[in-house]
$ cat entry.pdb   # PDB, C-alpha atoms
ATOM      1  CA  MET Q  16     -37.709  18.012 -88.788
ATOM      2  CA  SER Q  17     -35.149  20.812 -89.220
ATOM      3  CA  THR Q  18     -34.253  19.644 -92.740
ATOM      4  CA  ILE Q  19     -37.869  19.124 -93.813
ATOM      5  CA  LYS Q  20     -39.337  21.679 -96.216
ATOM      6  CA  GLY Q  21     -42.529  19.882 -97.342
ATOM      7  CA  VAL Q  22     -45.001  17.150 -96.365
ATOM      8  CA  ILE Q  23     -46.754  14.410 -98.320
ATOM      9  CA  PHE Q  24     -49.779  12.911 -96.554
ATOM     10  CA  ASP Q  25     -51.635   9.698 -97.230
ATOM     11  CA  TYR Q  26     -55.387  10.010 -96.617
ATOM     12  CA  GLY Q  27     -57.248   6.731 -96.052
ATOM     13  CA  GLY Q  28     -56.073   5.026 -92.874
ATOM     14  CA  THR Q  29     -53.933   8.027 -91.953
ATOM     15  CA  ILE Q  30     -55.842  11.307 -91.680
ATOM     16  CA  ASP Q  31     -59.322   9.783 -91.467
ATOM     17  CA  THR Q  32     -58.700   6.903 -89.020
ATOM     18  CA  ASN Q  33     -55.494   7.891 -87.195
ATOM     19  CA  GLY Q  34     -53.450   4.917 -88.351
ATOM     20  CA  ILE Q  35     -56.129   2.221 -88.060
ATOM     21  CA  HIS Q  36     -56.456   0.159 -91.243
ATOM     22  CA  TRP Q  37     -59.828   0.559 -92.912
ATOM     23  CA  GLY Q  38     -60.334  -3.189 -92.787
ATOM     24  CA  GLU Q  39     -60.269  -2.966 -88.988
ATOM     25  CA  VAL Q  40     -62.552   0.072 -88.914
ATOM     26  CA  ILE Q  41     -65.227  -1.773 -90.893
ATOM     27  CA  ALA Q  42     -64.698  -5.044 -89.000
ATOM     28  CA  GLU Q  43     -65.386  -3.214 -85.727
ATOM     29  CA  GLN Q  44     -68.712  -1.968 -87.097
ATOM     30  CA  TYR Q  45     -69.584  -5.509 -88.212
ATOM     31  CA  ARG Q  46     -69.045  -6.665 -84.614
ATOM     32  CA  LEU Q  47     -71.039  -3.771 -83.142
ATOM     33  CA  ALA Q  48     -73.907  -4.584 -85.521
ATOM     34  CA  GLY Q  49     -73.883  -8.220 -84.394
ATOM     35  CA  VAL Q  50     -72.720  -9.689 -87.714
ATOM     36  CA  GLU Q  51     -71.511 -13.257 -87.224
ATOM     37  CA  ILE Q  52     -68.595 -13.891 -89.567
ATOM     38  CA  ASN Q  53     -65.145 -15.445 -89.239
ATOM     39  CA  ARG Q  54     -62.044 -13.374 -89.965
ATOM     40  CA  ASP Q  55     -61.057 -15.193 -93.161
ATOM     41  CA  LEU Q  56     -64.504 -14.767 -94.679
ATOM     42  CA  TYR Q  57     -64.538 -11.099 -93.735
ATOM     43  CA  ARG Q  58     -61.113 -10.542 -95.269
ATOM     44  CA  ASN Q  59     -62.298 -12.246 -98.464
ATOM     45  CA  ALA Q  60     -65.260  -9.847 -98.654
ATOM     46  CA  TYR Q  61     -63.127  -6.803 -97.846
ATOM     47  CA  VAL Q  62     -60.538  -7.581-100.526
ATOM     48  CA  HIS Q  63     -63.286  -8.357-103.055
ATOM     49  CA  GLY Q  64     -64.877  -4.986-102.339
ATOM     50  CA  GLU Q  65     -61.649  -3.026-102.740
ATOM     51  CA  ARG Q  66     -60.793  -4.785-105.993
ATOM     52  CA  SER Q  67     -64.280  -4.177-107.325
ATOM     53  CA  LEU Q  68     -64.038  -0.463-106.572
ATOM     54  CA  ALA Q  69     -60.599  -0.270-108.185
ATOM     55  CA  LYS Q  70     -61.743  -1.995-111.388
ATOM     56  CA  ALA Q  71     -65.029  -0.235-112.115
ATOM     57  CA  PRO Q  72     -66.278   3.371-111.753
ATOM     58  CA  ILE Q  73     -68.752   2.479-108.999
ATOM     59  CA  ILE Q  74     -67.845   5.579-107.007
ATOM     60  CA  THR Q  75     -68.631   8.753-108.939
ATOM     61  CA  PRO Q  76     -66.537  11.944-108.728
ATOM     62  CA  GLU Q  77     -69.536  13.628-107.075
ATOM     63  CA  ASP Q  78     -69.966  11.080-104.280
ATOM     64  CA  THR Q  79     -69.444  12.390-100.765
ATOM     65  CA  PHE Q  80     -68.083  10.029 -98.133
ATOM     66  CA  HIS Q  81     -71.347   8.590 -96.833
ATOM     67  CA  PRO Q  82     -72.555   7.330-100.254
ATOM     68  CA  LEU Q  83     -69.046   5.949-100.828
ATOM     69  CA  LEU Q  84     -69.272   3.924 -97.620
ATOM     70  CA  ARG Q  85     -72.750   2.641 -98.456
ATOM     71  CA  LYS Q  86     -71.553   1.409-101.850
ATOM     72  CA  LYS Q  87     -68.462  -0.181-100.304
ATOM     73  CA  ILE Q  88     -70.395  -2.113 -97.639
ATOM     74  CA  ALA Q  89     -73.142  -3.074-100.107
ATOM     75  CA  ILE Q  90     -70.534  -4.744-102.341
ATOM     76  CA  GLN Q  91     -69.137  -6.636 -99.367
ATOM     77  CA  PHE Q  92     -72.599  -7.786 -98.295
ATOM     78  CA  GLU Q  93     -73.537  -8.915-101.805
ATOM     79  CA  HIS Q  94     -70.373 -11.015-101.938
ATOM     80  CA  LEU Q  95     -71.043 -12.473 -98.497
ATOM     81  CA  ARG Q  96     -74.598 -13.416 -99.471
ATOM     82  CA  GLU Q  97     -73.233 -15.279-102.493
ATOM     83  CA  LEU Q  98     -70.626 -17.097-100.409
ATOM     84  CA  THR Q  99     -72.787 -18.028 -97.412
ATOM     85  CA  GLN Q 100     -76.424 -17.885 -98.575
ATOM     86  CA  SER Q 101     -77.063 -16.244 -95.195
ATOM     87  CA  GLN Q 102     -80.036 -13.931 -94.792
ATOM     88  CA  GLN Q 103     -78.287 -11.750 -92.206
ATOM     89  CA  PHE Q 104     -76.567  -9.596 -94.871
ATOM     90  CA  THR Q 105     -79.460  -7.224 -95.526
ATOM     91  CA  PRO Q 106     -79.306  -3.767 -97.145
ATOM     92  CA  GLY Q 107     -80.550  -2.189 -93.933
ATOM     93  CA  LEU Q 108     -77.742  -3.751 -91.912
ATOM     94  CA  ALA Q 109     -75.204  -2.653 -94.520
ATOM     95  CA  ASP Q 110     -76.439   0.922 -94.127
ATOM     96  CA  ARG Q 111     -76.101   0.698 -90.333
ATOM     97  CA  ILE Q 112     -72.477  -0.368 -90.703
ATOM     98  CA  ALA Q 113     -71.804   2.433 -93.172
ATOM     99  CA  ASP Q 114     -73.365   4.904 -90.724
ATOM    100  CA  GLY Q 115     -71.118   3.630 -87.932
ATOM    101  CA  CYS Q 116     -68.008   3.993 -90.093
ATOM    102  CA  TYR Q 117     -69.005   7.514 -91.090
ATOM    103  CA  ASN Q 118     -69.518   8.606 -87.490
ATOM    104  CA  LYS Q 119     -66.184   7.055 -86.510
ATOM    105  CA  VAL Q 120     -64.389   9.104 -89.177
ATOM    106  CA  LYS Q 121     -66.158  12.314 -88.173
ATOM    107  CA  GLY Q 122     -64.964  11.804 -84.607
ATOM    108  CA  THR Q 123     -61.380  11.112 -85.662
ATOM    109  CA  LEU Q 124     -61.262  14.134 -87.961
ATOM    110  CA  ALA Q 125     -62.226  16.415 -85.099
ATOM    111  CA  THR Q 126     -58.683  15.794 -83.831
ATOM    112  CA  SER Q 127     -56.645  15.056 -86.946
ATOM    113  CA  ARG Q 128     -57.914  18.118 -88.840
ATOM    114  CA  ALA Q 129     -56.288  20.372 -86.234
ATOM    115  CA  ILE Q 130     -52.953  18.585 -86.693
ATOM    116  CA  VAL Q 131     -53.143  18.883 -90.478
ATOM    117  CA  GLU Q 132     -54.032  22.548 -90.166
ATOM    118  CA  GLN Q 133     -51.066  23.245 -87.904
ATOM    119  CA  LEU Q 134     -48.628  21.467 -90.228
ATOM    120  CA  SER Q 135     -50.005  23.354 -93.226
ATOM    121  CA  LYS Q 136     -49.004  26.626 -91.539
ATOM    122  CA  GLN Q 137     -45.384  25.442 -91.458
ATOM    123  CA  TYR Q 138     -44.986  23.405 -94.661
ATOM    124  CA  PRO Q 139     -46.441  23.140 -98.157
ATOM    125  CA  MET Q 140     -48.378  19.859 -98.300
ATOM    126  CA  VAL Q 141     -49.523  17.431-100.982
ATOM    127  CA  LEU Q 142     -51.926  14.504-100.642
ATOM    128  CA  VAL Q 143     -50.935  11.201-102.286
ATOM    129  CA  THR Q 144     -53.663   8.586-102.015
ATOM    130  CA  ASN Q 145     -55.190   5.412-103.397
ATOM    131  CA  PHE Q 146     -58.768   6.628-103.717
ATOM    132  CA  TYR Q 147     -61.813   6.358-105.936
ATOM    133  CA  GLY Q 148     -61.866   9.536-108.022
ATOM    134  CA  ASN Q 149     -63.796  11.671-105.538
ATOM    135  CA  MET Q 150     -61.025  12.815-103.208
ATOM    136  CA  PRO Q 151     -61.610  16.555-103.820
ATOM    137  CA  VAL Q 152     -65.287  16.194-102.852
ATOM    138  CA  VAL Q 153     -64.440  14.269 -99.677
ATOM    139  CA  LEU Q 154     -61.764  16.777 -98.665
ATOM    140  CA  ASN Q 155     -64.256  19.601 -99.165
ATOM    141  CA  GLU Q 156     -66.883  17.730 -97.162
ATOM    142  CA  PHE Q 157     -64.533  17.432 -94.196
ATOM    143  CA  GLU Q 158     -63.065  20.950 -94.520
ATOM    144  CA  LEU Q 159     -59.579  19.767 -95.496
ATOM    145  CA  THR Q 160     -59.286  21.214 -98.996
ATOM    146  CA  ASN Q 161     -57.317  24.343 -98.201
ATOM    147  CA  TYR Q 162     -54.461  22.497 -96.507
ATOM    148  CA  PHE Q 163     -53.109  20.810 -99.644
ATOM    149  CA  LYS Q 164     -51.566  22.516-102.650
ATOM    150  CA  SER Q 165     -52.159  19.435-104.819
ATOM    151  CA  ILE Q 166     -53.856  16.015-104.813
ATOM    152  CA  VAL Q 167     -52.304  12.951-106.450
ATOM    153  CA  GLU Q 168     -55.132  10.386-106.589
ATOM    154  CA  SER Q 169     -54.640   6.873-107.947
ATOM    155  CA  SER Q 170     -57.949   6.673-109.828
ATOM    156  CA  VAL Q 171     -57.225   9.964-111.577
ATOM    157  CA  VAL Q 172     -53.582   9.394-112.595
ATOM    158  CA  GLY Q 173     -53.901   5.659-113.326
ATOM    159  CA  ILE Q 174     -51.183   4.525-110.905
ATOM    160  CA  ARG Q 175     -51.718   2.866-107.533
ATOM    161  CA  LYS Q 176     -49.569   2.477-104.477
ATOM    162  CA  PRO Q 177     -47.200   0.832-103.794
ATOM    163  CA  ASP Q 178     -45.832   2.090-107.124
ATOM    164  CA  PRO Q 179     -43.244   4.759-106.147
ATOM    165  CA  ALA Q 180     -44.276   6.712-109.269
ATOM    166  CA  LEU Q 181     -47.327   7.968-107.374
ATOM    167  CA  PHE Q 182     -45.092   9.486-104.710
ATOM    168  CA  ALA Q 183     -42.750  10.825-107.385
ATOM    169  CA  MET Q 184     -45.707  12.865-108.642
ATOM    170  CA  GLY Q 185     -46.185  14.200-105.116
ATOM    171  CA  VAL Q 186     -42.520  15.150-104.898
ATOM    172  CA  GLU Q 187     -42.790  16.925-108.255
ATOM    173  CA  ALA Q 188     -45.915  18.785-107.098
ATOM    174  CA  LEU Q 189     -44.054  20.112-104.069
ATOM    175  CA  GLY Q 190     -41.110  21.188-106.210
ATOM    176  CA  LEU Q 191     -38.606  20.167-103.533
ATOM    177  CA  PRO Q 192     -35.760  17.630-103.343
ATOM    178  CA  ALA Q 193     -37.050  14.287-102.060
ATOM    179  CA  ASN Q 194     -34.719  14.382 -99.053
ATOM    180  CA  GLU Q 195     -36.412  17.585 -97.882
ATOM    181  CA  ILE Q 196     -39.866  15.953 -97.872
ATOM    182  CA  VAL Q 197     -41.446  13.790 -95.180
ATOM    183  CA  VAL Q 198     -44.132  11.257 -96.123
ATOM    184  CA  ILE Q 199     -46.723  10.419 -93.455
ATOM    185  CA  GLY Q 200     -48.736   7.239 -93.948
ATOM    186  CA  ASP Q 201     -50.231   4.230 -92.182
ATOM    187  CA  SER Q 202     -48.957   1.472 -94.486
ATOM    188  CA  TYR Q 203     -45.317   0.377 -94.535
ATOM    189  CA  VAL Q 204     -45.798  -1.463 -97.826
ATOM    190  CA  LYS Q 205     -47.856   1.196 -99.617
ATOM    191  CA  ASP Q 206     -46.505   4.425 -98.103
ATOM    192  CA  ILE Q 207     -43.241   4.101 -96.203
ATOM    193  CA  HIS Q 208     -41.193   1.738 -98.368
ATOM    194  CA  PRO Q 209     -42.037   3.163-101.827
ATOM    195  CA  SER Q 210     -41.495   6.781-100.777
ATOM    196  CA  SER Q 211     -38.229   5.945 -99.002
ATOM    197  CA  THR Q 212     -36.872   4.496-102.272
ATOM    198  CA  LEU Q 213     -37.177   8.019-103.698
ATOM    199  CA  GLY Q 214     -35.134   9.455-100.831
ATOM    200  CA  CYS Q 215     -38.025  10.902 -98.823
ATOM    201  CA  LYS Q 216     -38.034  10.936 -95.040
ATOM    202  CA  THR Q 217     -40.936   8.971 -93.580
ATOM    203  CA  VAL Q 218     -43.243   8.827 -90.562
ATOM    204  CA  TRP Q 219     -45.091   5.535 -90.146
ATOM    205  CA  LEU Q 220     -48.399   6.168 -88.362
ATOM    206  CA  LYS Q 221     -49.131   2.785 -86.843
ATOM    207  CA  ASN Q 222     -52.052   2.632 -84.401
ATOM    208  CA  ILE Q 223     -51.820  -0.763 -82.730
TER     209      ILE Q 223
END

$ encode --input "entry.pdb" --output "structure tokens"
Amino acid sequence: MSTIKGVIFDYGGTIDTNGIHWGEVIAEQYRLAGVEINRDLYRNAYVHGERSLAKAPIITPEDTFHPLLRKKIAIQFEHLRELTQSQQFTPGLADRIADGCYNKVKGTLATSRAIVEQLSKQYPMVLVTNFYGNMPVVLNEFELTNYFKSIVESSVVGIRKPDPALFAMGVEALGLPANEIVVIGDSYVKDIHPSSTLGCKTVWLKNI
């Protein structure tokens, strides 16, 4: 790290879940809630939900993280009801799963926030994330706002990972040469590869 002068962080799947993909975080809460569903059907619902949130302004800029999760799981459940005609996908159960995800993130952030804080004392940091337009509100909710000098959010700038242009904006925000910046993210495809094409150093946070 002796040549590193700045840090770019991913958020979802990195800071909030310590390298566990959000699909796995939600799938675990499905299992804990007793939802009977095969992996392919779950993946179909998860992908449908993410695409729906990317296409339409379902999440508002004022939404904190808990309402975001409730909307996300509700979309998945609606899709699953259409596919299966099963009565198990109730609004109440969706809320239970959202609650479980929220509590999981709160527990993870108790540790990861301290790491982010320590790094921010040594390096200027920028957040580069595929998110829903409410990243500033979520960062404020979890007391992370002051650690980042800038936020580059896909829904705001109109570019999504894995487009390297999103990371180029992060590099520009830091005002440093790319080879003096380390990018920390959980996805090789969306974080590590695109940022490395710009010349950034990378740390792949992979929680197996």

$ atom_distance --input "entry.pdb" --atom1 "CA of Ala183 (chain Q)" --atom2 "CA of Lys136 (chain Q)"
23.2 Å

$ residues_around --input "entry.pdb" --residues "region 124-132 of chain Q" --least-positions-apart "5" --cutoff "10 Å" --atoms "all atoms listed in the file" --output "PyMOL selection string"
chain Q and resi 24+29-33+118-119+137+140+157-159+161-163

$ residues_around --input "entry.pdb" --residues "region 78-84 of chain Q" --least-positions-apart "6" --cutoff "10 Å" --atoms "all atoms listed in the file" --output "number ranges by chain"
Q: 41, 68, 90, 109-110, 112-118, 120, 147-157

$ write_last_selection --input "entry.pdb" --atoms "C-alpha atoms" --output "compact mmCIF listing (two decimals), keeping the file's coordinate frame"
# COMPACT_ATOMS: atom_id res chain seq x y z
CA ILE Q 41 -65.23 -1.77 -90.89
CA LEU Q 68 -64.04 -0.46 -106.57
CA ILE Q 90 -70.53 -4.74 -102.34
CA ALA Q 109 -75.20 -2.65 -94.52
CA ASP Q 110 -76.44 0.92 -94.13
CA ILE Q 112 -72.48 -0.37 -90.70
CA ALA Q 113 -71.80 2.43 -93.17
CA ASP Q 114 -73.36 4.90 -90.72
CA GLY Q 115 -71.12 3.63 -87.93
CA CYS Q 116 -68.01 3.99 -90.09
CA TYR Q 117 -69.00 7.51 -91.09
CA ASN Q 118 -69.52 8.61 -87.49
CA VAL Q 120 -64.39 9.10 -89.18
CA TYR Q 147 -61.81 6.36 -105.94
CA GLY Q 148 -61.87 9.54 -108.02
CA ASN Q 149 -63.80 11.67 -105.54
CA MET Q 150 -61.02 12.82 -103.21
CA PRO Q 151 -61.61 16.56 -103.82
CA VAL Q 152 -65.29 16.19 -102.85
CA VAL Q 153 -64.44 14.27 -99.68
CA LEU Q 154 -61.76 16.78 -98.66
CA ASN Q 155 -64.26 19.60 -99.16
CA GLU Q 156 -66.88 17.73 -97.16
CA PHE Q 157 -64.53 17.43 -94.20

$ resolve_selection --input "entry.pdb" --expression "the PyMOL selection byres ((chain Q and resi 220-222) around 9)" --output "count of residues only"
14

$ atom_distance --input "entry.pdb" --atom1 "CA of Ala188 (chain Q)" --atom2 "CA of Ser67 (chain Q)"
29.4 Å

$ residues_around --input "entry.pdb" --residues "Lys164 (chain Q)" --least-positions-apart "6" --cutoff "12 Å" --atoms "all atoms listed in the file" --output "VMD selection string"
chain Q and resid 21 to 24 135 138 to 143 151 185 to 190

$ closest_residue --input "entry.pdb" --among "Q:Leu134, Q:Thr18, Q:Asp55, Q:Met184" --to "Glu168 (chain Q)" --atoms "all atoms listed in the file"
Q:Met184

$ resolve_selection --input "entry.pdb" --expression "the PyMOL selection byres ((chain Q and resi 94) around 12)" --output "number ranges by chain"
Q: 56-65, 67, 87-93, 95-101, 104-105

$ atom_distance --input "entry.pdb" --atom1 "CA of Asn53 (chain Q)" --atom2 "CA of Val40 (chain Q)"
15.7 Å
